[in-house]
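Enquirer: First the structure, then my questions, so here it is.
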Amino acid sequence: MKLVVLGDSLSAGYGLPADAAFPAKLTKALTAKGVAVNVVNAGVSGDTASDGLGRLDWSVPDGTEAVIVELGANDALRGINPEITRAALDKILNKLGERHIAVMLAGMKAPRNMGAEYVRAFDGLYPALASAHPVVFYPFFLEGVATDPRLNQGDGLHPNAAGVDAIVARILPRVEELVARARQARGS
């Protein structure tokens, strides 16, 4: 099975060797559980949700059975209107749905210094999208990792290798659910 991680620097593996990036570590974790999945790293550092939408068709080639959508961190860091982020993610989810690809939406949270109104609007867009689309929902990609200096690189934004391990450990059950949905949809 082919699973594409459509994301930004958090999935691309910014500041890490390729074998320490999220898709590589996720492949290892799935293989250890006897789940044969080819996880493709389609993470591009600096990408916003709109950037991900713009490259969706070539980043998620024919034959892809599942996608993890991990976008939005750069939108929040840049203070992009949450409605623009929501609209781009909604289009991504619609396009993947039209292609009958199983999807996991990995949520993001706005930095708390963006102000209560922005935080409320941004943080709320992921649960709203998850309730409107038939996706596996993982509420916060950086759950248990964000703001922990032991799990992040010096910039305080990007997970280090231990941080990626923590993300993989937490998200793995939801990824297994995604793989099961994709297999069920394909009848295999």
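Labels used: A, B, ... for chains in the order of the structure tokens, numbers from 1 for residues in each chain, and numbers from 1 for ligands as shown.
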Go through region 79-149 of chain A residue by residue and, counting only C-alpha atoms, keep those with an atom at most 10 Å from region 171-184 of chain A; for each kept residue give the shortest atom pair and its distance in Å to one decimal, ordered by chain and increasing number, as CSV.
Expert:
```
residue,atom,partner,partner_atom,distance
A:His100,CA,A:Ala182,CA,8.9
A:Ile101,CA,A:Ala182,CA,7.1
A:Ala102,CA,A:Ala182,CA,5.2
A:Val103,CA,A:Leu178,CA,6.8
A:Met104,CA,A:Leu178,CA,6.5
A:Ala106,CA,A:Ile171,CA,9.2
A:Val135,CA,A:Leu178,CA,8.3
A:Val136,CA,A:Leu178,CA,6.3
A:Phe137,CA,A:Arg174,CA,7.7
A:Tyr138,CA,A:Arg174,CA,7.0
A:Pro139,CA,A:Ile171,CA,9.9
A:Phe140,CA,A:Ile171,CA,9.5
A:Phe141,CA,A:Ile171,CA,7.8
A:Leu142,CA,A:Ile171,CA,9.7
A:Glu143,CA,A:Ile171,CA,9.0
```
Enquirer: Save the residues we just selected, N, CA and C atoms, as a short mmCIF file (atom, residue, chain, number, x, y, z; two decimals), in the first residue's frame?
Expert:
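Saved file selection.cif follows:
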```cif
data_model
loop_
_atom_site.label_atom_id
_atom_site.label_comp_id
_atom_site.auth_asym_id
_atom_site.auth_seq_id
_atom_site.Cartn_x
_atom_site.Cartn_y
_atom_site.Cartn_z
N HIS A 100 -11.15 8.83 -4.10
CA HIS A 100 -11.38 7.65 -3.25
C HIS A 100 -10.11 7.23 -2.50
N ILE A 101 -9.41 8.23 -1.99
CA ILE A 101 -8.20 8.00 -1.21
C ILE A 101 -8.56 8.18 0.26
N ALA A 102 -8.17 7.22 1.11
CA ALA A 102 -8.40 7.33 2.55
C ALA A 102 -7.50 8.44 3.10
N VAL A 103 -8.05 9.25 4.01
CA VAL A 103 -7.32 10.43 4.49
C VAL A 103 -7.30 10.51 6.01
N MET A 104 -6.14 10.91 6.52
CA MET A 104 -6.02 11.32 7.91
C MET A 104 -5.74 12.81 7.90
N ALA A 106 -4.31 15.63 10.12
CA ALA A 106 -3.53 15.89 11.33
C ALA A 106 -3.69 17.38 11.66
N VAL A 135 -12.82 11.51 7.40
CA VAL A 135 -11.39 11.34 7.61
C VAL A 135 -11.11 10.69 8.97
N VAL A 136 -9.94 10.12 9.08
CA VAL A 136 -9.41 9.77 10.39
C VAL A 136 -8.83 11.08 10.91
N PHE A 137 -9.18 11.44 12.13
CA PHE A 137 -8.75 12.73 12.66
C PHE A 137 -7.78 12.55 13.81
N TYR A 138 -6.64 13.21 13.70
CA TYR A 138 -5.66 13.27 14.78
C TYR A 138 -5.58 14.74 15.17
N PRO A 139 -6.13 15.12 16.31
CA PRO A 139 -6.35 16.54 16.62
C PRO A 139 -5.13 17.46 16.61
N PHE A 140 -3.96 16.97 17.04
CA PHE A 140 -2.80 17.86 17.10
C PHE A 140 -1.55 17.07 16.78
N PHE A 141 -0.96 17.33 15.61
CA PHE A 141 0.20 16.57 15.15
C PHE A 141 1.34 16.60 16.16
N LEU A 142 1.53 17.72 16.85
CA LEU A 142 2.65 17.87 17.79
C LEU A 142 2.25 17.56 19.24
N GLU A 143 1.17 16.82 19.43
CA GLU A 143 0.70 16.47 20.78
C GLU A 143 1.84 15.86 21.60
#
```
Enquirer: Can you list, as a ChimeraX atom specification, all residues belonging to chain A that DSSP tags as helix (DSSP H, G or I)?
Expert: /A:9-12,18-20,22-32,49-54,56-59,73-77,82-98,112-114,116-132,149-151,161-186
Enquirer: Between A:Ile68, A:Ile84, A:Val164, A:Pro134, which has the minimum distance to Ala18 (chain A) (counting only C-alpha atoms)?
Expert: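 That would be A:Val164, the residue with the smallest distance to Ala18 (chain A).
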Enquirer: Which residue out of A:Ala185, A:Ala132, A:Val40, A:Leu10 has the minimum interatomic distance to Ala24 (chain A) when only C-alpha atoms are used?
Expert: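 Of A:Ala185, A:Ala132, A:Val40, A:Leu10, the one nearest Ala24 (chain A) is A:Val40, counting only C-alpha atoms.
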Enquirer: Smallest atom-to-atom distance to Arg170 (chain A): which of A:Gly144, A:Gly154, A:Gly79, A:Gly52, using only C-alpha atoms?
Expert: A:Gly144
Enquirer: If we count only C-alpha atoms, what is near region 115-129 of chain A at a cut-off of 7 Å, once residues fewer than 4 positions away on the same chain are taken out, given as a ChimeraX atom specification?
Expert: /A:82,86,90,107-110,133
Enquirer: Mind dumping the selected residues with N, CA and C atoms as a PDB file, in the first residue's frame?
Expert:
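Okay, this is what ended up in selection-v6.pdb:
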```pdb
ATOM      1  N   PRO A  82      -7.456  32.295   9.233  1.00  0.00           N
ATOM      2  CA  PRO A  82      -7.836  30.890   9.360  1.00  0.00           C
ATOM      3  C   PRO A  82      -8.856  30.440   8.304  1.00  0.00           C
ATOM      4  N   ARG A  86      -8.627  27.088   6.180  1.00  0.00           N
ATOM      5  CA  ARG A  86      -9.750  26.150   6.177  1.00  0.00           C
ATOM      6  C   ARG A  86     -10.188  25.842   4.745  1.00  0.00           C
ATOM      7  N   ASP A  90     -10.066  22.244   3.038  1.00  0.00           N
ATOM      8  CA  ASP A  90     -11.343  21.704   2.581  1.00  0.00           C
ATOM      9  C   ASP A  90     -11.224  21.237   1.129  1.00  0.00           C
ATOM     10  N   GLY A 107      -4.295  17.647  12.788  1.00  0.00           N
ATOM     11  CA  GLY A 107      -4.563  19.018  13.192  1.00  0.00           C
ATOM     12  C   GLY A 107      -3.331  19.751  13.679  1.00  0.00           C
ATOM     13  N   MET A 108      -3.495  21.055  13.758  1.00  0.00           N
ATOM     14  CA  MET A 108      -2.437  21.935  14.233  1.00  0.00           C
ATOM     15  C   MET A 108      -3.084  22.943  15.167  1.00  0.00           C
ATOM     16  N   LYS A 109      -2.281  23.524  16.008  1.00  0.00           N
ATOM     17  CA  LYS A 109      -2.766  24.577  16.906  1.00  0.00           C
ATOM     18  C   LYS A 109      -1.949  25.837  16.666  1.00  0.00           C
ATOM     19  N   ALA A 110      -2.612  26.968  16.809  1.00  0.00           N
ATOM     20  CA  ALA A 110      -1.932  28.251  16.633  1.00  0.00           C
ATOM     21  C   ALA A 110      -1.041  28.529  17.845  1.00  0.00           C
ATOM     22  N   HIS A 133     -15.921  15.863   6.830  1.00  0.00           N
ATOM     23  CA  HIS A 133     -15.316  14.938   5.866  1.00  0.00           C
ATOM     24  C   HIS A 133     -15.105  13.579   6.521  1.00  0.00           C
TER      25      HIS A 133
END
```
